[in-house]
$ cat upload27.csv   # CSV, C-alpha atoms and all ligand atoms
chain,number,residue,atom,x,y,z
A,1,MET,CA,186.6,79.8,159.4
A,2,ARG,CA,185.1,80.3,162.9
A,3,PRO,CA,184.0,77.0,164.6
A,4,ASP,CA,180.6,78.4,165.4
A,5,PHE,CA,180.1,79.3,161.7
A,6,VAL,CA,180.9,75.7,160.8
A,7,LEU,CA,178.5,74.3,163.4
A,8,GLU,CA,175.6,76.3,162.0
A,9,HIS,CA,175.8,74.3,158.8
A,10,ILE,CA,175.9,70.8,160.4
A,11,PRO,CA,172.4,69.2,160.4
A,12,GLU,CA,170.9,68.7,163.9
A,13,ARG,CA,171.0,64.9,163.5
A,14,ALA,CA,174.8,65.0,163.1
A,15,ILE,CA,175.3,66.6,166.6
A,16,ARG,CA,172.2,65.4,168.5
A,17,PRO,CA,171.5,61.7,169.0
A,18,LEU,CA,168.7,59.5,167.8
A,19,LEU,CA,167.0,58.2,171.0
A,20,ILE,CA,166.1,54.5,171.0
A,21,ALA,CA,163.5,53.4,173.6
A,22,GLY,CA,163.3,49.7,174.4
A,23,ALA,CA,166.8,49.5,173.2
A,24,TYR,CA,167.6,46.0,174.5
A,25,GLY,CA,165.0,43.9,172.7
A,26,THR,CA,165.4,42.3,169.2
A,27,LEU,CA,164.4,45.5,167.3
A,28,GLY,CA,166.1,47.9,169.7
A,29,ARG,CA,169.5,46.1,169.4
A,30,ALA,CA,169.2,45.8,165.7
A,31,LEU,CA,168.5,49.5,165.4
A,32,GLY,CA,171.5,50.3,167.5
A,33,ARG,CA,173.7,48.1,165.3
A,34,VAL,CA,172.4,49.5,162.0
A,35,CYS,CA,172.7,53.1,163.2
A,36,HIS,CA,176.3,52.5,164.2
A,37,THR,CA,177.0,51.1,160.7
A,38,ARG,CA,175.3,54.1,159.1
A,39,GLY,CA,177.1,56.6,161.3
A,40,LEU,CA,174.0,57.7,163.1
A,41,VAL,CA,174.7,58.7,166.7
A,42,THR,CA,172.3,57.1,169.1
A,43,VAL,CA,171.4,57.0,172.8
A,44,ALA,CA,170.1,53.6,173.6
A,45,LEU,CA,167.8,53.4,176.7
A,46,GLY,CA,166.4,50.3,178.3
A,47,ARG,CA,163.3,50.2,180.5
A,48,ASN,CA,165.4,51.0,183.6
A,49,GLN,CA,166.5,54.3,182.0
A,50,LEU,CA,163.3,55.2,180.2
A,51,ASP,CA,159.9,53.7,180.9
A,52,ILE,CA,157.8,54.9,178.0
A,53,SER,CA,154.6,54.6,179.9
A,54,ILE,CA,155.7,57.0,182.7
A,55,PRO,CA,155.4,60.7,181.5
A,56,ALA,CA,158.1,61.9,184.0
A,57,SER,CA,160.5,59.3,182.7
A,58,VAL,CA,159.9,60.4,179.1
A,59,GLU,CA,160.3,64.1,180.0
A,60,HIS,CA,163.5,63.4,181.9
A,61,ALA,CA,165.0,61.4,179.0
A,62,LEU,CA,164.1,64.0,176.3
A,63,ALA,CA,165.5,66.8,178.5
A,64,ALA,CA,168.7,65.0,179.3
A,65,HIS,CA,169.6,63.7,175.9
A,66,ARG,CA,168.0,66.3,173.6
A,67,PRO,CA,167.5,63.9,170.6
A,68,TRP,CA,166.7,65.1,167.1
A,69,ALA,CA,164.2,62.2,166.9
A,70,VAL,CA,162.9,59.2,168.9
A,71,VAL,CA,162.5,55.6,167.9
A,72,ASN,CA,160.2,53.4,170.0
A,73,ALA,CA,161.4,49.8,169.9
A,74,ALA,CA,159.6,48.9,173.1
A,75,GLY,CA,156.6,46.7,173.3
A,76,TYR,CA,154.8,43.8,174.8
A,77,VAL,CA,155.1,40.9,172.3
A,78,ARG,CA,153.9,37.8,174.1
A,79,VAL,CA,150.8,37.4,172.1
A,80,ASP,CA,149.3,34.4,174.0
A,81,GLU,CA,150.2,35.7,177.5
A,82,ALA,CA,148.6,39.0,176.6
A,83,GLU,CA,145.2,37.3,176.7
A,84,ALA,CA,145.5,37.2,180.5
A,85,ASP,CA,147.6,40.3,180.9
A,86,GLU,CA,145.6,42.9,179.1
A,87,ALA,CA,146.4,45.9,181.3
A,88,ARG,CA,150.2,45.5,181.0
A,89,CYS,CA,149.9,44.8,177.3
A,90,PHE,CA,147.9,48.0,176.7
A,91,ARG,CA,150.3,50.0,178.9
A,92,GLU,CA,153.3,48.9,176.9
A,93,ASN,CA,151.8,48.9,173.4
A,94,ALA,CA,149.3,51.8,173.6
A,95,THR,CA,149.8,54.1,176.7
A,96,GLY,CA,153.6,54.1,176.3
A,97,PRO,CA,153.7,55.0,172.6
A,98,ALA,CA,151.0,57.7,173.3
A,99,VAL,CA,153.0,59.2,176.1
A,100,LEU,CA,156.1,59.3,173.9
A,101,ALA,CA,154.0,60.8,171.0
A,102,ALA,CA,152.6,63.6,173.2
A,103,ALA,CA,156.1,64.5,174.5
A,104,CYS,CA,157.6,64.4,171.0
A,105,ALA,CA,154.8,66.5,169.5
A,106,ALA,CA,155.3,69.1,172.2
A,107,ARG,CA,158.9,69.4,171.1
A,108,ALA,CA,158.2,69.0,167.4
A,109,LEU,CA,160.4,65.9,167.4
A,110,PRO,CA,159.9,63.1,164.8
A,111,LEU,CA,158.8,59.8,166.2
A,112,LEU,CA,159.1,56.3,164.7
A,113,THR,CA,157.1,53.5,166.4
A,114,PHE,CA,156.1,50.0,165.3
A,115,SER,CA,152.8,48.2,164.9
A,116,SER,CA,151.9,44.7,163.7
A,117,ASP,CA,150.1,42.7,161.1
A,118,LEU,CA,148.0,41.3,164.0
A,119,VAL,CA,145.7,44.4,163.7
A,120,PHE,CA,144.0,42.5,160.8
A,121,ASP,CA,141.5,39.6,161.1
A,122,GLY,CA,142.7,37.7,158.0
A,123,GLN,CA,139.2,37.5,156.4
A,124,GLN,CA,140.2,39.5,153.3
A,125,ALA,CA,141.4,37.3,150.4
A,126,GLU,CA,144.1,39.8,149.2
A,127,PRO,CA,147.2,41.1,151.1
A,128,TYR,CA,146.6,44.0,153.5
A,129,GLY,CA,147.6,47.5,152.4
A,130,GLU,CA,147.9,50.6,154.6
A,131,SER,CA,144.3,51.5,153.8
A,132,SER,CA,142.8,48.1,154.6
A,133,ALA,CA,140.4,48.2,157.6
A,134,PRO,CA,141.9,46.7,160.8
A,135,ARG,CA,139.9,44.4,163.0
A,136,PRO,CA,142.1,42.6,165.5
A,137,LEU,CA,141.3,39.2,166.8
A,138,ASN,CA,143.3,39.2,170.1
A,139,VAL,CA,144.4,41.4,173.0
A,140,TYR,CA,147.8,42.0,171.5
A,141,GLY,CA,146.3,43.1,168.2
A,142,ARG,CA,143.8,45.4,169.9
A,143,SER,CA,146.6,47.0,172.0
A,144,LYS,CA,148.7,47.7,168.8
A,145,LEU,CA,145.7,49.2,167.0
A,146,ALA,CA,145.0,51.4,170.1
A,147,GLY,CA,148.7,52.4,170.0
A,148,GLU,CA,148.5,53.4,166.4
A,149,GLN,CA,145.4,55.5,166.9
A,150,GLN,CA,146.6,57.2,170.1
A,151,VAL,CA,150.1,58.0,168.6
A,152,LEU,CA,148.6,59.6,165.5
A,153,ALA,CA,146.0,61.5,167.5
A,154,ALA,CA,148.7,63.0,169.7
A,155,HIS,CA,151.3,63.4,166.9
A,156,PRO,CA,149.9,63.4,163.4
A,157,GLY,CA,153.5,63.7,162.0
A,158,ALA,CA,154.6,60.4,163.7
A,159,LEU,CA,155.7,57.5,161.5
A,160,VAL,CA,154.0,54.2,162.4
A,161,VAL,CA,155.6,51.2,160.7
A,162,ARG,CA,153.4,48.1,160.6
A,163,THR,CA,155.5,45.0,160.2
A,164,SER,CA,155.4,41.2,161.0
A,165,ALA,CA,157.0,37.9,161.9
A,166,PHE,CA,160.6,39.0,162.6
A,167,PHE,CA,163.5,36.8,161.7
A,168,SER,CA,167.2,37.6,162.2
A,169,GLY,CA,170.6,36.1,162.5
A,170,TRP,CA,171.5,38.6,165.2
A,171,ASP,CA,169.7,36.9,168.1
A,172,GLU,CA,168.1,33.7,169.1
A,173,PHE,CA,164.5,34.9,169.7
A,174,ASN,CA,162.9,34.1,166.4
A,175,PHE,CA,161.1,31.4,164.5
A,176,VAL,CA,163.8,30.7,161.9
A,177,TYR,CA,166.3,30.2,164.7
A,178,PHE,CA,164.0,27.8,166.6
A,179,ALA,CA,163.4,25.8,163.4
A,180,LEU,CA,167.2,25.5,162.7
A,181,GLN,CA,168.0,24.7,166.3
A,182,ALA,CA,165.5,21.8,166.2
A,183,ALA,CA,166.9,20.5,162.9
A,184,ARG,CA,170.4,20.7,164.1
A,185,GLY,CA,169.5,18.5,167.0
A,186,GLY,CA,167.8,16.1,164.6
A,187,GLN,CA,164.4,16.9,166.2
A,188,ARG,CA,161.1,17.3,164.3
A,189,PHE,CA,159.7,20.8,164.3
A,190,GLU,CA,155.9,21.4,164.1
A,191,ALA,CA,154.8,24.5,162.2
A,192,ALA,CA,151.5,26.0,161.3
A,193,SER,CA,150.6,25.2,157.7
A,194,ASP,CA,147.4,27.2,157.5
A,195,VAL,CA,148.5,30.7,158.5
A,196,ARG,CA,150.1,32.9,155.8
A,197,ILE,CA,152.3,35.8,156.9
A,198,SER,CA,154.9,38.2,155.5
A,199,PRO,CA,158.2,37.2,157.3
A,200,THR,CA,160.4,40.3,157.8
A,201,TYR,CA,164.2,40.3,158.0
A,202,VAL,CA,165.0,42.6,160.9
A,203,PRO,CA,168.1,44.3,159.2
A,204,ASP,CA,165.9,45.1,156.1
A,205,LEU,CA,163.1,46.4,158.4
A,206,VAL,CA,165.5,48.6,160.3
A,207,ASN,CA,167.2,50.1,157.3
A,208,THR,CA,164.0,50.9,155.5
A,209,SER,CA,162.4,52.4,158.7
A,210,LEU,CA,165.4,54.6,159.2
A,211,ASP,CA,165.2,55.7,155.5
A,212,LEU,CA,161.5,56.6,156.0
A,213,LEU,CA,162.4,58.5,159.3
A,214,LEU,CA,165.2,60.5,157.5
A,215,ASP,CA,162.8,61.2,154.7
A,216,GLU,CA,160.3,62.7,157.2
A,217,ALA,CA,157.6,60.2,156.3
A,218,ALA,CA,154.5,60.2,158.4
A,219,GLY,CA,151.4,58.1,159.1
A,220,ILE,CA,151.1,54.3,158.7
A,221,TRP,CA,153.5,52.4,156.4
A,222,HIS,CA,153.7,48.7,155.8
A,223,VAL,CA,157.3,47.4,155.8
A,224,ALA,CA,157.9,43.6,155.2
A,225,ASN,CA,159.9,41.6,152.8
A,226,GLN,CA,158.3,40.9,149.4
A,227,GLY,CA,156.6,37.5,149.4
A,228,ALA,CA,154.4,35.5,151.6
A,229,CYS,CA,154.4,32.0,153.0
A,230,THR,CA,153.0,29.8,155.8
A,231,TRP,CA,155.0,29.3,159.0
A,232,ALA,CA,155.6,25.7,157.8
A,233,GLU,CA,156.9,26.9,154.5
A,234,LEU,CA,159.2,29.3,156.2
A,235,ALA,CA,160.5,26.6,158.5
A,236,ARG,CA,161.0,24.2,155.6
A,237,ALA,CA,162.8,26.7,153.4
A,238,SER,CA,165.1,27.6,156.4
A,239,VAL,CA,165.9,24.1,157.3
A,240,GLU,CA,166.5,23.0,153.6
A,241,ARG,CA,168.7,25.9,152.8
A,242,ALA,CA,170.8,25.2,155.9
A,243,GLY,CA,171.4,21.7,154.6
A,244,PHE,CA,169.0,19.7,156.8
A,245,SER,CA,166.2,17.4,155.7
A,246,ALA,CA,162.9,19.3,155.1
A,247,ASP,CA,161.1,16.2,156.4
A,248,LEU,CA,162.1,17.4,159.9
A,249,VAL,CA,159.4,20.1,159.5
A,250,VAL,CA,156.0,18.7,160.3
A,251,PRO,CA,153.1,20.8,159.0
A,252,ARG,CA,150.2,21.2,161.4
A,253,PRO,CA,147.0,23.2,161.5
A,254,MET,CA,147.3,26.2,163.8
A,255,ALA,CA,144.4,24.8,165.9
A,256,ASP,CA,146.6,21.9,166.9
A,257,PHE,CA,148.9,24.2,168.9
A,258,GLY,CA,146.1,25.1,171.3
A,259,LEU,CA,147.3,28.7,171.6
A,260,ALA,CA,145.5,31.2,173.9
A,261,ALA,CA,145.2,34.0,171.3
A,262,ALA,CA,143.4,33.6,167.9
A,263,ARG,CA,145.6,34.4,164.9
A,264,PRO,CA,144.3,35.6,161.5
A,265,PRO,CA,144.5,32.9,158.8
A,266,GLN,CA,146.4,35.4,156.7
A,267,SER,CA,148.1,38.7,157.5
A,268,VAL,CA,150.2,39.3,154.5
A,269,LEU,CA,151.4,42.9,154.2
A,270,VAL,CA,152.0,45.0,151.1
A,271,SER,CA,152.6,48.7,150.7
A,272,GLU,CA,150.3,50.9,148.7
A,273,ARG,CA,152.7,53.8,149.5
A,274,GLY,CA,155.6,52.6,147.4
A,275,ILE,CA,157.9,50.8,149.9
A,276,VAL,CA,159.5,47.7,148.4
A,277,LEU,CA,161.9,45.5,150.4
A,278,PRO,CA,164.1,42.7,149.0
A,279,PRO,CA,162.3,39.4,148.2
A,280,LEU,CA,161.9,37.0,151.1
A,281,GLU,CA,164.2,34.3,149.5
A,282,HIS,CA,167.0,36.9,149.3
A,283,ALA,CA,166.5,38.0,152.9
A,284,LEU,CA,166.5,34.4,154.1
A,285,GLY,CA,169.7,33.7,152.2
A,286,ARG,CA,171.3,36.7,153.9
A,287,CYS,CA,170.0,35.6,157.3
A,288,LEU,CA,171.4,32.1,157.0
A,289,ALA,CA,174.8,33.6,155.9
A,290,GLU,CA,174.7,35.7,159.0
A,291,MET,CA,173.8,32.7,161.1
A,292,GLU,CA,176.9,30.8,159.8
A,293,ARG,CA,178.9,33.1,162.1
A,294,HIS,CA,176.5,32.1,164.9
A,295,PRO,CA,176.6,29.0,167.1
A,296,VAL,CA,173.3,27.7,165.8
A,297,LEU,CA,175.0,26.2,162.7
A,298,ARG,CA,178.2,25.1,164.5
A,299,ASP,CA,179.0,21.7,166.0
A,301,LIG,N1,158.7,40.3,167.1
A,301,LIG,C1,157.9,40.4,166.0
A,301,LIG,O1,157.8,39.5,165.2
A,301,LIG,C2,157.2,41.7,165.7
A,301,LIG,C3,157.3,42.8,166.6
A,301,LIG,N2,156.6,43.9,166.3
A,301,LIG,C4,156.7,45.1,167.2
A,301,LIG,O2,158.1,45.5,167.2
A,301,LIG,C5,158.4,46.0,168.5
A,301,LIG,C6,159.6,45.4,169.1
A,301,LIG,O3,159.4,44.0,169.2
A,301,LIG,P1,160.6,43.0,169.6
A,301,LIG,O4,161.9,43.7,169.5
A,301,LIG,O5,160.3,41.7,169.0
A,301,LIG,O6,160.3,42.9,171.2
A,301,LIG,P2,161.2,42.5,172.4
A,301,LIG,O7,160.4,41.8,173.4
A,301,LIG,O8,162.4,41.8,171.9
A,301,LIG,O9,161.7,43.9,172.9
A,301,LIG,C7,160.8,44.8,173.5
A,301,LIG,C8,161.5,45.6,174.5
A,301,LIG,O10,160.7,46.6,175.0
A,301,LIG,C9,160.9,46.7,176.4
A,301,LIG,N3,159.8,47.4,177.1
A,301,LIG,C10,158.6,46.9,177.3
A,301,LIG,N4,157.8,47.8,177.9
A,301,LIG,C11,158.6,48.9,178.1
A,301,LIG,C12,158.3,50.2,178.7
A,301,LIG,N5,157.2,50.5,179.3
A,301,LIG,N6,159.4,51.1,178.6
A,301,LIG,C13,160.5,50.7,178.1
A,301,LIG,N7,160.8,49.6,177.5
A,301,LIG,C14,159.8,48.6,177.5
A,301,LIG,C15,161.1,45.3,176.9
A,301,LIG,O11,161.8,45.4,178.1
A,301,LIG,P3,161.6,44.2,179.2
A,301,LIG,O12,162.5,43.1,178.6
A,301,LIG,O13,162.1,44.8,180.4
A,301,LIG,O14,160.1,43.8,179.2
A,301,LIG,C16,162.0,44.8,175.7
A,301,LIG,O15,163.4,45.0,176.0
A,301,LIG,C17,157.1,45.9,169.3
A,301,LIG,O16,156.4,47.1,169.3
A,301,LIG,C18,156.3,44.8,168.6
A,301,LIG,O17,154.9,44.9,168.8
A,301,LIG,C19,155.8,44.1,165.2
A,301,LIG,C20,155.6,43.0,164.4
A,301,LIG,C21,156.3,41.8,164.5
A,302,LIG,C1,157.0,28.0,168.5
A,302,LIG,C2,156.2,27.7,167.3
A,302,LIG,C3,155.3,28.6,166.8
A,302,LIG,N1,154.6,28.3,165.7
A,302,LIG,C4,153.6,29.2,165.1
A,302,LIG,C5,152.7,29.8,166.1
A,302,LIG,C6,152.8,31.3,165.9
A,302,LIG,O1,151.7,31.8,165.2
A,302,LIG,C7,154.0,31.5,165.0
A,302,LIG,C8,155.1,32.2,165.7
A,302,LIG,O2,155.0,32.0,167.0
A,302,LIG,P1,155.0,33.3,168.0
A,302,LIG,O3,154.1,33.0,169.1
A,302,LIG,O4,156.4,33.6,168.3
A,302,LIG,O5,154.5,34.4,167.1
A,302,LIG,P2,153.1,35.1,166.9
A,302,LIG,O6,152.8,35.6,168.2
A,302,LIG,O7,152.0,34.4,166.2
A,302,LIG,O8,153.6,36.0,165.9
A,302,LIG,C9,153.6,37.4,166.0
A,302,LIG,O9,154.5,38.0,167.0
A,302,LIG,C10,153.9,39.3,167.2
A,302,LIG,C11,154.7,40.0,168.3
A,302,LIG,C12,153.7,40.1,166.0
A,302,LIG,O10,153.5,41.3,166.0
A,302,LIG,C13,153.4,39.3,164.7
A,302,LIG,O11,153.9,40.0,163.6
A,302,LIG,C14,153.8,37.9,164.7
A,302,LIG,O12,155.1,37.7,164.2
A,302,LIG,O13,154.4,30.2,164.6
A,302,LIG,C15,154.8,27.1,165.0
A,302,LIG,O14,154.1,26.9,164.0
A,302,LIG,N2,155.7,26.2,165.5
A,302,LIG,C16,156.4,26.5,166.6
A,302,LIG,O15,157.2,25.6,167.0
$ encode --input "upload27.csv" --output "structure tokens" --more "lines below"
Ligand SMILES: NC(=O)C1=CN([C@@H]2O[C@H](COP(=O)(O)OP(=O)(O)OC[C@H]3O[C@@H](n4cnc5c(N)ncnc54)[C@H](OP(=O)(O)O)[C@@H]3O)[C@@H](O)[C@H]2O)C=CC1
Ligand SMILES: Cc1cn([C@H]2C[C@H](O)[C@@H](COP(=O)(O)OP(=O)(O)O[C@H]3O[C@@H](C)C(=O)[C@@H](O)[C@H]3O)O2)c(=O)[nH]c1=O
Amino acid sequence: MRPDFVLEHIPERAIRPLLIAGAYGTLGRALGRVCHTRGLVTVALGRNQLDISIPASVEHALAAHRPWAVVNAAGYVRVDEAEADEARCFRENATGPAVLAAACAARALPLLTFSSDLVFDGQQAEPYGESSAPRPLNVYGRSKLAGEQQVLAAHPGALVVRTSAFFSGWDEFNFVYFALQAARGGQRFEAASDVRISPTYVPDLVNTSLDLLLDEAAGIWHVANQGACTWAELARASVERAGFSADLVVPRPMADFGLAAARPPQSVLVSERGIVLPPLEHALGRCLAEMERHPVLRD
């Protein structure tokens, strides 16, 4: 059989890479790791190699790497700092994704990008589905909503995954890690007892988002683990399951934290479109098992 005949029958995604923008944040690193496990070839670009808000930078990266699809893991996630840093927050969460979307649309490339539960105001009694009306309460939420709208206007086939409250055993930049770190040091950990969220285990998020991308899903999808709890309940469950006293977790009203940005009292996500992730308890168990191999639980 001639080699060129064989190549004709290999799918594009087996010979062209999946391009990951914002590859060195929590989500970007997890995407790289899961793609490696799944045998998906990637090209991982940090801000120095690809600034998503600069059209020439995006054009250069797409021309140089010829990906079969693009995943945008970049973003501005400092919710309180965003209140006084609106221009940069919008550049990274709205302009950047829109620039990527236009460039991908021009090349008919699939695009996966991420949004947040903070597009909602928390006034609805029930969990939020994809069709629920967004009404953000803070600059970060407004920037994510603008990003969703601008991406889908430029590239109606883009996949926009709304997700929330990451936790992971793969890095130290998340709430579960902070709670365990405090407990391990015998310190009390104050956590909000009046804000309900859908905590999301990053490996589950990444696997499901990649499945949706490979299935050529488009539009807005809610992807979070099944279940909901307050930040205080999440801290308590994490600390207890890791073998520490739950009394170390001190429940407090969110107002006591004096944060710059308003948070919705609830931003629980469900999917009306049929996506179901493993239950939160199961995800937390896997996260803690992963953390046993991590310094947080070692002496
Ligand atoms: N963390 C969470 O709980 C949630 C996150 N999300 C969304 O998930 C995405 C990823 O979040 P997460 O991994 O936590 O964030 P991180 O802050 O860990 O990573 C974001 C990365 O994006 C990079 N970046 C920022 N602006 C640009 C740009 N213009 N061009 C290229 N890279 C850029 C940052 O680089 P640098 O370090 O140089 O700034 C950083 O490496 C975001 O869109 C966020 O809104 C959604 C819901 C929940
Ligand atoms: C540090 C800390 C925070 N909290 C509360 C306040 C806050 O709402 C929440 C987590 O703190 P953060 O400021 O890290 O997260 P916050 O900015 O509220 O959370 C959001 O991050 C952005 C990026 C998103 O898109 C959301 O989905 C959501 O996860 O927990 C405590 O209760 N105790 C603590 O010790």
$ residues_near_ligand --input "upload27.csv" --ligand "ligand LIG 302 (chain A)" --cutoff "6 Å" --atoms "only C-alpha atoms and all ligand atoms" --output "VMD selection string"
chain A and resid 77 79 116 to 118 164 to 166 190 to 192 231
$ write_last_selection --input "upload27.csv" --atoms "C-alpha atoms" --output "mmCIF file, in the frame of the given file"
data_model
loop_
_atom_site.group_PDB
_atom_site.id
_atom_site.type_symbol
_atom_site.label_atom_id
_atom_site.label_comp_id
_atom_site.auth_asym_id
_atom_site.auth_seq_id
_atom_site.Cartn_x
_atom_site.Cartn_y
_atom_site.Cartn_z
ATOM 1 C CA VAL A 77 155.100 40.900 172.300
ATOM 2 C CA VAL A 79 150.800 37.400 172.100
ATOM 3 C CA SER A 116 151.900 44.700 163.700
ATOM 4 C CA ASP A 117 150.100 42.700 161.100
ATOM 5 C CA LEU A 118 148.000 41.300 164.000
ATOM 6 C CA SER A 164 155.400 41.200 161.000
ATOM 7 C CA ALA A 165 157.000 37.900 161.900
ATOM 8 C CA PHE A 166 160.600 39.000 162.600
ATOM 9 C CA GLU A 190 155.900 21.400 164.100
ATOM 10 C CA ALA A 191 154.800 24.500 162.200
ATOM 11 C CA ALA A 192 151.500 26.000 161.300
ATOM 12 C CA TRP A 231 155.000 29.300 159.000
#
$ residues_near_ligand --input "upload27.csv" --ligand "ligand LIG 301 (chain A)" --cutoff "6 Å" --atoms "all atoms listed in the file" --output "list in words"
Gly22, Tyr24, Gly25, Thr26, Leu27, Gly28, Gly46, Arg47, Leu50, Asp51, Ile52, Ser53, Ala73, Ala74, Gly75, Tyr76, Val77, Glu92, Gly96, Phe114, Ser115, Ser116, Thr163, Ser164, Ala165 and Phe166 of chain A
$ residues_around --input "upload27.csv" --residues "segment 222-229 of chain A" --least-positions-apart "2" --cutoff "9 Å" --atoms "only C-alpha atoms" --output "number ranges by chain"
A: 117, 128-130, 160-165, 195-201, 204-205, 208-209, 220, 231-234, 268-273, 275-281, 283
$ closest_residue --input "upload27.csv" --among "A:Leu248, A:Asn138, A:Pro17, A:Gln266" --to "Glu86 of chain A" --atoms "only C-alpha atoms"
A:Asn138
$ atom_distance --input "upload27.csv" --atom1 "atom CA of Leu109 of chain A" --atom2 "atom CA of Ala30 of chain A"
22.0 Å
$ residues_around --input "upload27.csv" --residues "segment 148-156 of chain A" --least-positions-apart "4" --cutoff "6 Å" --atoms "only C-alpha atoms" --output "list in words"
Ala98, Ala101, Ala102 and Ala105 of chain A
$ atom_distance --input "upload27.csv" --atom1 "atom CA of Ser193 of chain A" --atom2 "atom CA of Ser143 of chain A"
26.4 Å
$ decode --input "upload27.csv" --residues "segment 164-184 of chain A" --atoms "N, CA and C atoms" --output "compact mmCIF listing (two decimals), in the first residue's frame"
# COMPACT_ATOMS: atom_id res chain seq x y z
N SER A 164 -17.70 25.91 36.74
CA SER A 164 -17.62 26.69 37.98
C SER A 164 -16.71 26.05 39.02
N ALA A 165 -16.19 26.90 39.91
CA ALA A 165 -15.52 26.48 41.15
C ALA A 165 -14.62 25.24 40.98
N PHE A 166 -13.51 25.44 40.27
CA PHE A 166 -12.59 24.33 40.02
C PHE A 166 -12.00 23.76 41.31
N PHE A 167 -11.85 22.45 41.36
CA PHE A 167 -10.95 21.85 42.34
C PHE A 167 -10.18 20.73 41.64
N SER A 168 -8.97 20.48 42.15
CA SER A 168 -8.08 19.56 41.45
C SER A 168 -6.96 19.13 42.37
N GLY A 169 -6.46 17.94 42.16
CA GLY A 169 -5.28 17.49 42.88
C GLY A 169 -4.01 17.75 42.09
N TRP A 170 -4.16 18.39 40.94
CA TRP A 170 -3.01 18.56 40.06
C TRP A 170 -2.25 19.86 40.27
N ASP A 171 -2.85 20.80 41.00
CA ASP A 171 -2.08 21.98 41.37
C ASP A 171 -2.59 22.56 42.68
N GLU A 172 -1.98 23.62 43.13
CA GLU A 172 -2.24 24.15 44.47
C GLU A 172 -3.17 25.36 44.45
N PHE A 173 -3.69 25.71 43.29
CA PHE A 173 -4.42 26.98 43.19
C PHE A 173 -5.93 26.76 43.23
N ASN A 174 -6.39 26.08 44.28
CA ASN A 174 -7.84 25.90 44.35
C ASN A 174 -8.28 25.78 45.80
N PHE A 175 -9.57 26.01 46.01
CA PHE A 175 -10.19 26.12 47.32
C PHE A 175 -10.00 24.84 48.17
N VAL A 176 -10.15 23.66 47.55
CA VAL A 176 -10.00 22.41 48.32
C VAL A 176 -8.57 22.30 48.84
N TYR A 177 -7.62 22.65 47.99
CA TYR A 177 -6.22 22.62 48.43
C TYR A 177 -6.01 23.59 49.60
N PHE A 178 -6.56 24.80 49.49
CA PHE A 178 -6.38 25.80 50.58
C PHE A 178 -6.96 25.27 51.89
N ALA A 179 -8.14 24.67 51.83
CA ALA A 179 -8.79 24.16 53.05
C ALA A 179 -7.93 23.06 53.68
N LEU A 180 -7.41 22.17 52.84
CA LEU A 180 -6.59 21.06 53.36
C LEU A 180 -5.26 21.57 53.91
N GLN A 181 -4.72 22.56 53.26
CA GLN A 181 -3.44 23.12 53.72
C GLN A 181 -3.62 23.74 55.11
N ALA A 182 -4.74 24.46 55.31
CA ALA A 182 -5.01 25.05 56.63
C ALA A 182 -5.18 23.95 57.66
N ALA A 183 -5.97 22.93 57.33
CA ALA A 183 -6.25 21.84 58.29
C ALA A 183 -4.97 21.10 58.66
N ARG A 184 -4.14 20.91 57.68
CA ARG A 184 -2.88 20.19 57.94
C ARG A 184 -2.00 20.97 58.92
